[in-house]
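Content type CSV, C-alpha atoms and all ligand atoms, from the file final-v1.csv:
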chain,number,residue,atom,x,y,z
A,1,MET,CA,110.3,78.9,106.7
A,2,THR,CA,106.9,77.3,106.5
A,3,ASP,CA,103.7,79.0,105.4
A,4,SER,CA,102.2,78.2,108.8
A,5,ARG,CA,104.8,80.4,110.5
A,6,TYR,CA,103.8,83.3,108.1
A,7,ALA,CA,100.1,82.6,108.8
A,8,ALA,CA,100.6,82.7,112.6
A,9,ALA,CA,102.6,85.9,112.3
A,10,ILE,CA,99.9,87.5,110.2
A,11,ASP,CA,97.3,86.4,112.8
A,12,ALA,CA,99.4,88.0,115.5
A,13,LEU,CA,99.7,91.3,113.6
A,14,LEU,CA,95.9,91.3,113.0
A,15,GLU,CA,95.4,90.9,116.7
A,16,ARG,CA,97.8,93.8,117.3
A,17,ILE,CA,95.8,96.0,114.9
A,18,ASP,CA,92.7,95.3,117.1
A,19,SER,CA,94.5,95.9,120.4
A,20,THR,CA,96.0,99.1,118.9
A,21,ALA,CA,92.7,100.4,117.7
A,22,GLU,CA,91.1,99.7,121.1
A,23,GLN,CA,93.7,101.8,123.0
A,24,THR,CA,94.4,104.7,120.5
A,25,SER,CA,90.8,105.7,119.6
A,26,GLY,CA,91.2,108.6,117.2
A,27,LYS,CA,94.9,109.2,117.9
A,28,PHE,CA,97.9,107.9,115.9
A,29,PRO,CA,100.1,105.2,117.4
A,30,HIS,CA,103.7,106.4,117.2
A,31,TYR,CA,105.9,104.0,119.2
A,32,GLY,CA,105.0,101.3,121.7
A,33,ASP,CA,106.3,99.8,124.9
A,34,THR,CA,107.3,96.2,124.1
A,35,GLU,CA,106.4,94.9,127.6
A,36,SER,CA,103.0,96.4,128.2
A,37,GLY,CA,102.0,97.0,124.6
A,38,GLU,CA,101.1,100.6,125.5
A,39,TRP,CA,101.4,103.1,122.6
A,40,THR,CA,102.6,106.6,122.8
A,41,THR,CA,100.3,108.5,120.4
A,42,THR,CA,100.3,111.7,118.5
A,43,ALA,CA,97.2,113.9,117.8
A,44,ASP,CA,98.1,115.0,114.3
A,45,GLY,CA,100.0,111.9,112.9
A,46,ASN,CA,103.5,113.4,113.1
A,47,TRP,CA,105.4,111.8,110.2
A,48,THR,CA,104.4,108.3,111.3
A,49,GLY,CA,100.5,108.4,111.3
A,50,GLY,CA,100.1,107.3,107.7
A,51,PHE,CA,101.6,103.9,108.5
A,52,TRP,CA,98.7,103.3,110.9
A,53,GLY,CA,96.2,103.7,108.1
A,54,GLY,CA,98.3,101.6,105.8
A,55,LEU,CA,98.6,98.9,108.4
A,56,ALA,CA,94.8,98.6,108.7
A,57,ALA,CA,94.6,98.5,104.9
A,58,LEU,CA,97.2,95.7,104.8
A,59,GLY,CA,95.2,93.9,107.5
A,60,PHE,CA,92.2,94.0,105.2
A,61,ALA,CA,94.3,92.8,102.3
A,62,GLY,CA,95.5,89.9,104.4
A,63,SER,CA,92.2,88.9,106.0
A,64,GLY,CA,89.3,90.3,104.0
A,65,GLU,CA,87.8,91.7,107.3
A,66,GLU,CA,85.6,94.6,106.3
A,67,CYS,CA,86.1,96.2,109.7
A,68,LEU,CA,89.7,96.8,108.8
A,69,SER,CA,88.8,98.5,105.6
A,70,ARG,CA,86.5,100.8,107.6
A,71,LEU,CA,89.2,101.4,110.2
A,72,SER,CA,91.7,102.4,107.4
A,73,GLY,CA,89.0,104.7,106.0
A,74,GLU,CA,88.6,106.4,109.4
A,75,ILE,CA,92.4,106.9,109.7
A,76,THR,CA,92.6,108.3,106.2
A,77,GLU,CA,90.0,110.9,107.1
A,78,GLN,CA,92.1,112.0,110.1
A,79,ILE,CA,95.1,112.6,107.9
A,80,LEU,CA,93.4,115.0,105.5
A,81,PRO,CA,94.0,118.2,107.7
A,82,ARG,CA,97.7,117.6,107.1
A,83,GLN,CA,97.5,118.4,103.4
A,84,ASN,CA,99.1,121.8,103.8
A,85,SER,CA,101.6,121.1,106.6
A,86,ASP,CA,105.0,122.4,105.5
A,87,THR,CA,106.8,119.0,105.6
A,88,ALA,CA,108.1,116.7,102.9
A,89,PHE,CA,107.0,113.9,105.1
A,90,ARG,CA,103.5,114.4,103.8
A,91,GLY,CA,104.7,111.8,101.3
A,92,PHE,CA,104.7,109.2,104.2
A,93,LEU,CA,101.3,110.5,105.5
A,94,PHE,CA,99.4,110.6,102.2
A,95,TRP,CA,101.0,107.6,100.4
A,96,TYR,CA,100.8,105.1,103.2
A,97,GLY,CA,97.8,106.7,105.0
A,98,ALA,CA,95.6,107.3,101.9
A,99,ALA,CA,97.0,106.0,98.6
A,100,VAL,CA,97.8,102.6,100.0
A,101,ASN,CA,94.2,102.4,101.4
A,102,HIS,CA,92.9,103.3,97.9
A,103,LEU,CA,95.1,100.7,96.1
A,104,VAL,CA,94.2,98.0,98.5
A,105,THR,CA,90.5,98.6,99.2
A,106,GLY,CA,89.5,100.7,96.1
A,107,SER,CA,88.1,103.5,98.3
A,108,GLU,CA,87.3,106.6,96.3
A,109,GLU,CA,87.4,108.8,99.4
A,110,ALA,CA,90.9,107.6,100.1
A,111,ALA,CA,91.9,108.5,96.5
A,112,GLN,CA,90.6,112.0,97.0
A,113,THR,CA,92.5,112.4,100.3
A,114,ALA,CA,95.7,111.1,98.6
A,115,LEU,CA,95.2,113.6,95.8
A,116,ALA,CA,94.8,116.4,98.3
A,117,GLY,CA,98.1,115.4,99.9
A,118,ALA,CA,99.8,115.3,96.4
A,119,ARG,CA,98.4,118.8,95.6
A,120,GLY,CA,99.8,120.1,98.9
A,121,LEU,CA,103.2,118.6,98.2
A,122,LEU,CA,103.3,120.0,94.7
A,123,THR,CA,102.8,123.5,96.0
A,124,SER,CA,106.1,123.0,98.0
A,125,PHE,CA,108.1,122.0,94.9
A,126,ASN,CA,111.0,124.3,94.3
A,127,ASP,CA,111.2,124.3,90.5
A,128,ARG,CA,114.6,126.0,90.4
A,129,ALA,CA,116.2,123.5,92.8
A,130,GLY,CA,114.2,120.5,91.5
A,131,ILE,CA,113.2,119.3,94.9
A,132,ILE,CA,110.5,119.5,97.6
A,133,PRO,CA,112.5,120.7,100.6
A,134,LEU,CA,112.2,119.2,104.0
A,135,GLY,CA,110.1,122.2,105.1
A,136,ALA,CA,109.8,124.3,108.2
A,137,ASP,CA,107.4,121.8,110.0
A,138,ALA,CA,109.4,118.6,109.1
A,139,GLU,CA,109.4,116.4,112.2
A,140,GLU,CA,113.2,116.3,112.6
A,141,ALA,CA,115.5,117.5,115.3
A,142,GLU,CA,117.8,120.0,113.7
A,143,ALA,CA,118.3,121.8,110.3
A,144,VAL,CA,115.0,121.7,108.5
A,145,GLY,CA,113.4,124.2,106.1
A,146,GLU,CA,113.8,125.4,102.5
A,147,GLY,CA,117.4,124.4,101.9
A,148,ALA,CA,117.4,121.0,103.6
A,149,ALA,CA,116.7,117.5,102.3
A,150,ASN,CA,116.3,114.0,103.7
A,151,ILE,CA,116.5,110.7,101.9
A,152,ASP,CA,113.4,109.7,104.0
A,153,ALA,CA,111.4,112.4,102.0
A,154,VAL,CA,111.6,110.2,98.9
A,155,PRO,CA,109.7,107.0,99.9
A,156,GLY,CA,106.0,107.6,99.5
A,157,THR,CA,106.5,111.1,98.0
A,158,VAL,CA,107.7,110.0,94.6
A,159,ALA,CA,105.1,107.2,94.3
A,160,LEU,CA,102.3,109.6,95.5
A,161,LEU,CA,103.1,112.3,93.0
A,162,SER,CA,103.5,109.9,90.1
A,163,TRP,CA,100.2,108.1,91.0
A,164,ALA,CA,98.6,111.6,91.1
A,165,SER,CA,99.7,112.2,87.5
A,166,GLU,CA,98.0,108.9,86.5
A,167,GLN,CA,94.8,109.8,88.3
A,168,THR,CA,94.5,113.4,87.0
A,169,GLY,CA,96.4,113.4,83.7
A,170,ASP,CA,98.4,116.4,85.0
A,171,PRO,CA,102.1,115.8,84.1
A,172,ARG,CA,103.3,118.3,86.7
A,173,PHE,CA,103.1,115.8,89.5
A,174,ARG,CA,105.3,113.2,87.7
A,175,HIS,CA,107.7,115.9,86.6
A,176,ALA,CA,108.2,117.0,90.2
A,177,ALA,CA,108.5,113.3,91.3
A,178,VAL,CA,111.2,112.5,88.8
A,179,ARG,CA,113.2,115.7,89.6
A,180,HIS,CA,112.8,115.2,93.4
A,181,ALA,CA,114.1,111.6,93.1
A,182,GLN,CA,117.0,112.5,90.9
A,183,ARG,CA,118.0,115.4,93.1
A,184,HIS,CA,118.1,113.2,96.2
A,185,ILE,CA,120.5,110.8,94.4
A,186,GLU,CA,122.9,113.7,93.9
A,187,LEU,CA,122.4,115.0,97.4
A,188,CYS,CA,122.3,111.8,99.5
A,189,VAL,CA,123.7,108.8,97.6
A,190,ARG,CA,127.4,108.3,97.9
A,191,ALA,CA,129.6,106.9,95.0
A,192,ASP,CA,129.8,103.5,96.7
A,193,GLY,CA,126.0,103.2,96.9
A,194,SER,CA,125.6,104.0,100.6
A,195,VAL,CA,123.3,106.8,101.7
A,196,CYS,CA,123.8,109.8,103.9
A,197,GLN,CA,120.4,110.8,105.5
A,198,SER,CA,120.5,114.6,105.0
A,199,ALA,CA,121.9,117.4,102.9
A,200,LEU,CA,121.9,121.2,102.7
A,201,PHE,CA,121.5,122.6,99.2
A,202,ASP,CA,121.5,125.8,97.3
A,203,THR,CA,117.9,126.8,96.9
A,204,SER,CA,118.5,128.6,93.6
A,205,ASN,CA,119.8,125.5,91.8
A,206,GLY,CA,119.8,122.5,94.1
A,207,ALA,CA,123.6,122.1,94.3
A,208,LEU,CA,124.9,120.2,97.2
A,209,LEU,CA,126.3,122.4,100.0
A,210,ASP,CA,126.9,119.9,102.8
A,211,ARG,CA,125.9,116.5,104.1
A,212,TYR,CA,124.7,115.8,107.6
A,213,THR,CA,122.4,113.4,109.6
A,214,HIS,CA,119.5,113.8,112.0
A,215,LYS,CA,119.4,110.2,113.2
A,216,GLY,CA,122.7,108.5,112.1
A,217,LEU,CA,126.0,108.3,113.9
A,218,ASN,CA,127.6,111.0,111.8
A,219,ALA,CA,127.7,112.4,108.3
A,220,ASP,CA,130.1,109.7,107.1
A,221,SER,CA,128.4,106.7,108.6
A,222,THR,CA,125.3,105.0,107.2
A,223,TRP,CA,122.2,105.1,109.4
A,224,GLY,CA,120.4,101.8,108.8
A,225,ARG,CA,117.1,103.4,108.0
A,226,ALA,CA,118.7,105.9,105.6
A,227,GLN,CA,119.8,102.9,103.4
A,228,ALA,CA,116.5,101.1,103.9
A,229,TRP,CA,114.3,104.1,103.1
A,230,ALA,CA,116.4,104.7,99.9
A,231,MET,CA,116.0,101.1,98.8
A,232,VAL,CA,112.2,101.2,99.1
A,233,ALA,CA,112.0,104.8,97.6
A,234,TYR,CA,113.9,103.9,94.4
A,235,ALA,CA,112.1,100.6,94.0
A,236,GLN,CA,108.9,102.7,94.1
A,237,ALA,CA,110.4,105.3,91.8
A,238,ALA,CA,111.4,102.7,89.2
A,239,GLN,CA,107.8,101.6,89.0
A,240,TRP,CA,105.8,104.8,89.4
A,241,ALA,CA,108.1,107.6,88.1
A,242,SER,CA,110.6,106.2,85.6
A,243,PRO,CA,112.3,102.8,85.0
A,244,SER,CA,115.5,104.8,84.8
A,245,PHE,CA,115.6,104.7,88.6
A,246,LEU,CA,116.0,100.9,88.7
A,247,PRO,CA,119.8,100.8,88.5
A,248,THR,CA,119.9,103.1,91.5
A,249,ALA,CA,117.5,100.8,93.4
A,250,VAL,CA,119.7,97.8,92.6
A,251,ARG,CA,122.9,99.6,93.6
A,252,LEU,CA,121.4,100.6,97.0
A,253,ALA,CA,120.2,97.1,97.6
A,254,ASP,CA,123.6,95.6,96.7
A,255,TRP,CA,125.4,97.9,99.2
A,256,TRP,CA,122.9,96.7,101.9
A,257,LEU,CA,123.2,93.0,101.0
A,258,ASP,CA,127.0,93.1,101.0
A,259,ARG,CA,127.0,94.4,104.6
A,260,THR,CA,124.0,92.7,106.3
A,261,PRO,CA,123.9,89.3,108.0
A,262,ASN,CA,122.0,86.7,106.1
A,263,ALA,CA,120.1,86.0,109.3
A,264,GLY,CA,119.8,88.7,111.9
A,265,ILE,CA,118.8,92.3,112.3
A,266,VAL,CA,121.0,95.3,111.4
A,267,SER,CA,122.4,97.6,114.1
A,268,TRP,CA,120.9,101.1,114.1
A,269,ASP,CA,123.9,102.4,112.2
A,270,PHE,CA,126.3,100.4,110.0
A,271,ALA,CA,129.2,102.1,111.8
A,272,ALA,CA,127.9,101.4,115.3
A,273,GLY,CA,129.3,97.9,115.6
A,274,ALA,CA,127.3,95.2,117.3
A,275,GLY,CA,126.8,93.7,120.7
A,276,PRO,CA,124.3,93.8,123.6
A,277,ASP,CA,124.7,97.5,124.2
A,278,VAL,CA,124.2,98.5,120.6
A,279,PRO,CA,120.5,98.8,119.6
A,280,ILE,CA,119.4,96.9,116.5
A,281,ASP,CA,116.6,98.3,114.3
A,282,THR,CA,114.0,95.8,113.2
A,283,SER,CA,112.2,98.5,111.4
A,284,ALA,CA,115.2,99.1,109.1
A,285,THR,CA,115.4,95.4,108.3
A,286,ALA,CA,111.6,95.3,107.7
A,287,ILE,CA,111.7,98.2,105.3
A,288,ALA,CA,114.7,96.7,103.4
A,289,ALA,CA,113.0,93.3,103.2
A,290,ALA,CA,109.9,94.9,101.6
A,291,ALA,CA,112.2,96.7,99.1
A,292,LEU,CA,113.9,93.4,98.2
A,293,LEU,CA,110.6,91.8,97.6
A,294,LYS,CA,109.7,94.6,95.2
A,295,LEU,CA,113.1,94.3,93.5
A,296,ASP,CA,112.6,90.6,93.1
A,297,ARG,CA,109.7,91.3,90.8
A,298,LEU,CA,111.4,94.1,88.9
A,299,VAL,CA,114.7,92.2,88.4
A,300,PRO,CA,113.6,88.5,88.1
A,301,GLU,CA,117.1,87.3,87.2
A,302,ARG,CA,118.3,88.3,90.6
A,303,THR,CA,117.1,85.3,92.6
A,304,ASP,CA,119.1,86.4,95.6
A,305,PHE,CA,116.7,89.3,96.3
A,306,ARG,CA,113.8,87.1,97.3
A,307,ALA,CA,116.1,84.6,99.2
A,308,ARG,CA,117.6,87.4,101.3
A,309,ALA,CA,114.2,89.0,101.9
A,310,ILE,CA,113.0,85.6,103.2
A,311,ALA,CA,116.0,85.4,105.5
A,312,HIS,CA,115.3,88.9,106.8
A,313,VAL,CA,111.7,88.1,107.5
A,314,ASP,CA,112.7,84.9,109.2
A,315,ALA,CA,114.9,87.0,111.5
A,316,LEU,CA,112.2,89.5,112.1
A,317,LEU,CA,109.7,86.9,113.2
A,318,ASP,CA,112.1,86.0,116.1
A,319,HIS,CA,111.3,89.6,117.3
A,320,LEU,CA,107.6,89.4,116.9
A,321,THR,CA,105.5,88.5,120.0
A,322,PRO,CA,104.8,85.9,121.2
A,323,THR,CA,108.5,85.0,120.9
A,324,GLY,CA,107.9,81.7,122.7
A,325,SER,CA,105.3,79.7,124.6
A,326,HIS,CA,105.9,81.6,127.9
A,327,ASP,CA,105.7,85.1,126.3
A,328,SER,CA,102.6,86.7,127.9
A,329,ARG,CA,103.0,90.1,126.2
A,330,PRO,CA,100.3,91.3,123.8
A,331,ALA,CA,100.6,89.4,120.4
A,332,GLY,CA,101.9,91.0,117.3
A,333,ILE,CA,104.4,93.5,118.7
A,334,LEU,CA,107.5,93.8,116.5
A,335,THR,CA,110.1,94.5,119.2
A,336,ASP,CA,113.6,96.0,119.0
A,337,GLY,CA,112.9,99.0,116.7
A,338,CYS,CA,115.2,101.9,117.3
A,339,PHE,CA,113.5,105.3,116.7
A,340,ASP,CA,116.4,107.6,117.4
A,341,LYS,CA,119.6,106.4,119.1
A,342,ARG,CA,121.3,109.8,118.8
A,343,ARG,CA,118.8,111.2,121.3
A,344,ASP,CA,118.3,107.9,123.2
A,345,PHE,CA,114.6,108.2,122.2
A,346,ALA,CA,112.6,104.9,122.0
A,347,THR,CA,115.7,102.8,121.2
A,348,ARG,CA,114.1,99.4,121.9
A,349,ASN,CA,110.5,99.8,121.0
A,350,GLU,CA,107.7,98.9,118.8
A,351,LEU,CA,107.5,101.3,115.9
A,352,ILE,CA,104.3,101.7,113.8
A,353,TRP,CA,106.2,101.7,110.5
A,354,GLY,CA,108.0,98.5,111.5
A,355,ASP,CA,104.7,96.7,112.0
A,356,TYR,CA,103.6,98.1,108.6
A,357,PHE,CA,106.6,96.7,106.7
A,358,VAL,CA,106.7,93.3,108.3
A,359,LEU,CA,103.0,92.8,107.5
A,360,GLU,CA,103.6,94.0,103.9
A,361,CYS,CA,106.3,91.3,103.6
A,362,LEU,CA,104.2,88.6,105.2
A,363,ILE,CA,101.1,89.1,103.0
A,364,SER,CA,103.3,89.1,100.0
A,365,LEU,CA,105.2,85.9,101.0
A,366,ASP,CA,102.0,84.2,102.0
A,367,ASN,CA,100.5,85.1,98.5
A,368,ARG,CA,97.6,87.0,100.0
A,369,PHE,CA,98.1,90.3,98.2
A,370,ASP,CA,100.5,91.6,95.5
A,371,THR,CA,102.4,94.4,97.3
A,372,VAL,CA,104.8,95.2,94.5
A,373,ARG,CA,103.2,98.6,93.7
A,374,LEU,CA,102.8,99.7,97.4
A,401,LIG,N1,112.1,110.4,109.4
A,401,LIG,C1,112.0,109.0,109.1
A,401,LIG,C2,112.7,108.1,110.1
A,401,LIG,O1,113.1,108.6,111.2
A,401,LIG,O2,112.9,107.0,109.8
What would the structure in this file look like if it were written as C-alpha cells?
Amino acid sequence: MTDSRYAAAIDALLERIDSTAEQTSGKFPHYGDTESGEWTTTADGNWTGGFWGGLAALGFAGSGEECLSRLSGEITEQILPRQNSDTAFRGFLFWYGAAVNHLVTGSEEAAQTALAGARGLLTSFNDRAGIIPLGADAEEAEAVGEGAANIDAVPGTVALLSWASEQTGDPRFRHAAVRHAQRHIELCVRADGSVCQSALFDTSNGALLDRYTHKGLNADSTWGRAQAWAMVAYAQAAQWASPSFLPTAVRLADWWLDRTPNAGIVSWDFAAGAGPDVPIDTSATAIAAAALLKLDRLVPERTDFRARAIAHVDALLDHLTPTGSHDSRPAGILTDGCFDKRRDFATRNELIWGDYFVLECLISLDNRFDTVRL
C-alpha cells in the first residue's frame, strides 16, 4: 500500500462529505444507494446520525478545511435534542456526533453537547443491575427495553461516560462506564472470545437470562458487527475507563483475526458462509480495522495488529468509489455495507458509519491525525 493510495482515498471521502452535505441539508444520512449516491436520511439521527458529525470532524482532521469543522458543529447541534431519548445508542450519537468533534476541533459547544448526552445516559443507568439497558426507544427490531442489552451499546457509551468524568470531576460517570462495560462482557462475550449481539437480564441484579440477536443469523452465530463493535468498544474502554479491559479487547481481536481473511471483507455473519449470494459487510471490516489500529498502540509488541489492519484497509479500498477508471459513480462511496440481512434491509449499501471508520483508519495510516483515543 502506498501513501498515494491513502491520499487518493481520503480525497474521495472528502468529496463524499461535500456531496452528502449538499443532498442531506439538515437531515442525517443513514444509508446510501451505491449506484446513484442518493442517501436515505432520518430526521432525528436514529442511532446512526452521530457518525455524520464525526465524519465531518474527521474530514477536518484530515484536511484542515474550516468548513468541515463548521459542518461538524452544525450536526452536533442537531443531535442535542436526543439527550433524553430512552436508548442506549445515545452513546453512538453523543460520542461520535459531539465528543469526537470536541476532541478533533477543540469546540467547547461540542463538549457541552457531549456532556448533555452523558448526563442523559447516566439517568438511564440501573445501579442494581450495573448497566444502561437498551431502552424503550432503542432503534432495534425486537426485544428492547429495561431488561435488554446489546453489545453495540458499549462502543461510544463507555468512552463518553469516562470522558465526562474527566471533564466534570464527577466519578459517577466513570463508575457507570466501568460497570456497563463489565456487565456486557458477562452478558455478550462467550468463553471462546466470540460475541453474541444481545441478551436479556434480570433487572434486579444484572444476571444473564438469555442470549439472542437482532441482526445476526442466530443466537449461536457471530454477527460480524457484533464482534467488530465489541473490539472497538473494549479498545476504547481500556483507554478511557480502565486498563483492566485491555485483555478482553485483545481476546476479541484474536477471535476475529483467527477467522478473517488477510485480504478480503467479512461476510455479514461468521456462520453465513461466503459466495456471491452472501452479502459481505464492509462496515464490520472498517470498524475492526479501526479497533486493530488502536490496539496496535496499546499493545506495541503485537506487530500483527497493524499489519492486519493495513490488509483490511487495503481490501476496503477495493470497495471505495471510484473502483476503476470507468467508474462514473460519485466518489468516496464505501460500497457493500450490510445494514440488516435478517430483514433484507439495505444489504449492499453505503452505510454512514462505514464511511466514518474507513476515514478514521486512513487519516491514522496517513499520519494526519492521532485517532487512538477516538
Ligand atoms: N445497532 C448497531 C448496528 O446495527 O450495527
Q. Need the neighbours of (92.3, 111.0, 103.6): which residues are at most 8 Å away, counting only C-alpha atoms, as number ranges by chain?
A. A: 73, 75-80, 94, 97-98, 109-114, 116
Residues within 8 Å of ligand LIG 401 (chain A), counting only C-alpha atoms and all ligand atoms: report them as a PDB file with C-alpha atoms, keeping the file's coordinate frame.
ATOM      1  CA  TRP A  47     105.400 111.800 110.200  1.00  0.00           C
ATOM      2  CA  THR A  48     104.400 108.300 111.300  1.00  0.00           C
ATOM      3  CA  PHE A  89     107.000 113.900 105.100  1.00  0.00           C
ATOM      4  CA  GLU A 139     109.400 116.400 112.200  1.00  0.00           C
ATOM      5  CA  GLU A 140     113.200 116.300 112.600  1.00  0.00           C
ATOM      6  CA  ASN A 150     116.300 114.000 103.700  1.00  0.00           C
ATOM      7  CA  ASP A 152     113.400 109.700 104.000  1.00  0.00           C
ATOM      8  CA  ALA A 153     111.400 112.400 102.000  1.00  0.00           C
ATOM      9  CA  LYS A 215     119.400 110.200 113.200  1.00  0.00           C
ATOM     10  CA  ARG A 225     117.100 103.400 108.000  1.00  0.00           C
ATOM     11  CA  ALA A 226     118.700 105.900 105.600  1.00  0.00           C
ATOM     12  CA  TRP A 229     114.300 104.100 103.100  1.00  0.00           C
ATOM     13  CA  PHE A 339     113.500 105.300 116.700  1.00  0.00           C
ATOM     14  CA  ASP A 340     116.400 107.600 117.400  1.00  0.00           C
TER      15      ASP A 340
END
Q) For the point (105.6, 84.1, 120.8) in file coordinates, what residues are within 12 Å, counting only C-alpha atoms? Give the answer as a list in words? A) Arg5, Ala8, Ala9, Asp11, Ala12, Leu13, Leu317, Asp318, His319, Leu320, Thr321, Pro322, Thr323, Gly324, Ser325, His326, Asp327, Ser328, Arg329, Pro330, Ala331, Gly332, Ile333, Leu334 and Thr335 of chain A
Q.
Excluding range 348-365 of chain A and its own-chain neighbours fewer than 2 positions away, which residues fall within 8 Å of it when counting only C-alpha atoms? Please give them as a VMD selection string.
A. chain A and resid 6 9 to 10 13 29 to 34 48 51 to 52 54 to 55 58 to 59 61 to 62 279 to 280 282 to 284 286 to 287 289 to 290 293 313 316 333 to 339 346 367 to 371
Q. How many Å lie between CA of Phe60 in chain A and CA of Arg373 in chain A, rounded to one decimal?
A. 16.6 Å
Q.
Ranking A:Gly193, A:Pro155, A:Gly169, A:Gly206 by minimum distance to Ala238 in chain A and counting all atoms listed in the file, which one comes first?
A. A:Pro155
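Going from CA of Ala138 in chain A to CA of Val189 in chain A covers 20.8 Å.
Remark: for Val278 in chain A, the closest of the candidate residues A:Pro261, A:Ala149, A:Ala309, A:Arg342 is A:Arg342 (distances computed over only C-alpha atoms).
If all atoms listed in the file are the atoms counted, then among A:Ala230, A:Ser19, A:His102, A:Asp258 the closest residue to Leu246 in chain A is A:Ala230.
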Q) How many Å separate CA of Gln182 in chain A from CA of Gln236 in chain A? A) 13.1 Å
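With all atoms listed in the file as the basis for measurement, A:Arg343 is the residue among A:Arg172, A:Arg183, A:Arg343, A:Arg297 that approaches Gly216 in chain A most closely.
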Q: For range 298-308 of chain A, please output as a PyMOL selection string all residues within 8 Å (counting all atoms listed in the file; exclusion window: fewer than 4 positions along the same chain).
A: chain A and resi 257+262+289+292-294+312
Distance query Val154 in chain A at most 12 Å, all atoms listed in the file, self and fewer than 5 positions along chain excluded, as a PDB file with C-alpha atoms, in the coordinates of the input:
ATOM      1  CA  ALA A  88     108.100 116.700 102.900  1.00  0.00           C
ATOM      2  CA  PHE A  89     107.000 113.900 105.100  1.00  0.00           C
ATOM      3  CA  ARG A  90     103.500 114.400 103.800  1.00  0.00           C
ATOM      4  CA  GLY A  91     104.700 111.800 101.300  1.00  0.00           C
ATOM      5  CA  PHE A  92     104.700 109.200 104.200  1.00  0.00           C
ATOM      6  CA  TRP A  95     101.000 107.600 100.400  1.00  0.00           C
ATOM      7  CA  LEU A 121     103.200 118.600  98.200  1.00  0.00           C
ATOM      8  CA  ILE A 131     113.200 119.300  94.900  1.00  0.00           C
ATOM      9  CA  ILE A 132     110.500 119.500  97.600  1.00  0.00           C
ATOM     10  CA  PRO A 133     112.500 120.700 100.600  1.00  0.00           C
ATOM     11  CA  LEU A 134     112.200 119.200 104.000  1.00  0.00           C
ATOM     12  CA  ALA A 149     116.700 117.500 102.300  1.00  0.00           C
ATOM     13  CA  ALA A 159     105.100 107.200  94.300  1.00  0.00           C
ATOM     14  CA  LEU A 160     102.300 109.600  95.500  1.00  0.00           C
ATOM     15  CA  LEU A 161     103.100 112.300  93.000  1.00  0.00           C
ATOM     16  CA  SER A 162     103.500 109.900  90.100  1.00  0.00           C
ATOM     17  CA  ALA A 176     108.200 117.000  90.200  1.00  0.00           C
ATOM     18  CA  ALA A 177     108.500 113.300  91.300  1.00  0.00           C
ATOM     19  CA  VAL A 178     111.200 112.500  88.800  1.00  0.00           C
ATOM     20  CA  ARG A 179     113.200 115.700  89.600  1.00  0.00           C
ATOM     21  CA  HIS A 180     112.800 115.200  93.400  1.00  0.00           C
ATOM     22  CA  ALA A 181     114.100 111.600  93.100  1.00  0.00           C
ATOM     23  CA  GLN A 182     117.000 112.500  90.900  1.00  0.00           C
ATOM     24  CA  ARG A 183     118.000 115.400  93.100  1.00  0.00           C
ATOM     25  CA  HIS A 184     118.100 113.200  96.200  1.00  0.00           C
ATOM     26  CA  ILE A 185     120.500 110.800  94.400  1.00  0.00           C
ATOM     27  CA  LEU A 187     122.400 115.000  97.400  1.00  0.00           C
ATOM     28  CA  CYS A 188     122.300 111.800  99.500  1.00  0.00           C
ATOM     29  CA  GLN A 197     120.400 110.800 105.500  1.00  0.00           C
ATOM     30  CA  SER A 198     120.500 114.600 105.000  1.00  0.00           C
ATOM     31  CA  ALA A 226     118.700 105.900 105.600  1.00  0.00           C
ATOM     32  CA  GLN A 227     119.800 102.900 103.400  1.00  0.00           C
ATOM     33  CA  ALA A 228     116.500 101.100 103.900  1.00  0.00           C
ATOM     34  CA  TRP A 229     114.300 104.100 103.100  1.00  0.00           C
ATOM     35  CA  ALA A 230     116.400 104.700  99.900  1.00  0.00           C
ATOM     36  CA  MET A 231     116.000 101.100  98.800  1.00  0.00           C
ATOM     37  CA  VAL A 232     112.200 101.200  99.100  1.00  0.00           C
ATOM     38  CA  ALA A 233     112.000 104.800  97.600  1.00  0.00           C
ATOM     39  CA  TYR A 234     113.900 103.900  94.400  1.00  0.00           C
ATOM     40  CA  ALA A 235     112.100 100.600  94.000  1.00  0.00           C
ATOM     41  CA  GLN A 236     108.900 102.700  94.100  1.00  0.00           C
ATOM     42  CA  ALA A 237     110.400 105.300  91.800  1.00  0.00           C
ATOM     43  CA  ALA A 241     108.100 107.600  88.100  1.00  0.00           C
TER      44      ALA A 241
END
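Closest approach to Ser204 in chain A from the set A:Glu66, A:Asp314, A:Glu146, A:Glu38 is made by A:Glu146, with distances taken over all atoms listed in the file.
For the choices A:Ala129, A:Leu115, A:Gly275, A:Tyr96, the atom-to-atom distance to Asp170 in chain A is smallest for A:Leu115 when using all atoms listed in the file.
Within the 6 Å cut-off around Ala199 in chain A, using all atoms listed in the file and omitting residues fewer than 2 positions from it on the same chain, the listed residues are Ala148, Ala149, Asp210, Arg211 and Tyr212 of chain A.
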Q: Do a neighbour search on Asp192 in chain A at 10 Å with all atoms listed in the file, toss out local chain neighbours closer than 6 positions, and write the hits as an MDAnalysis selection string.
A: chainID A and resid 251:252 255
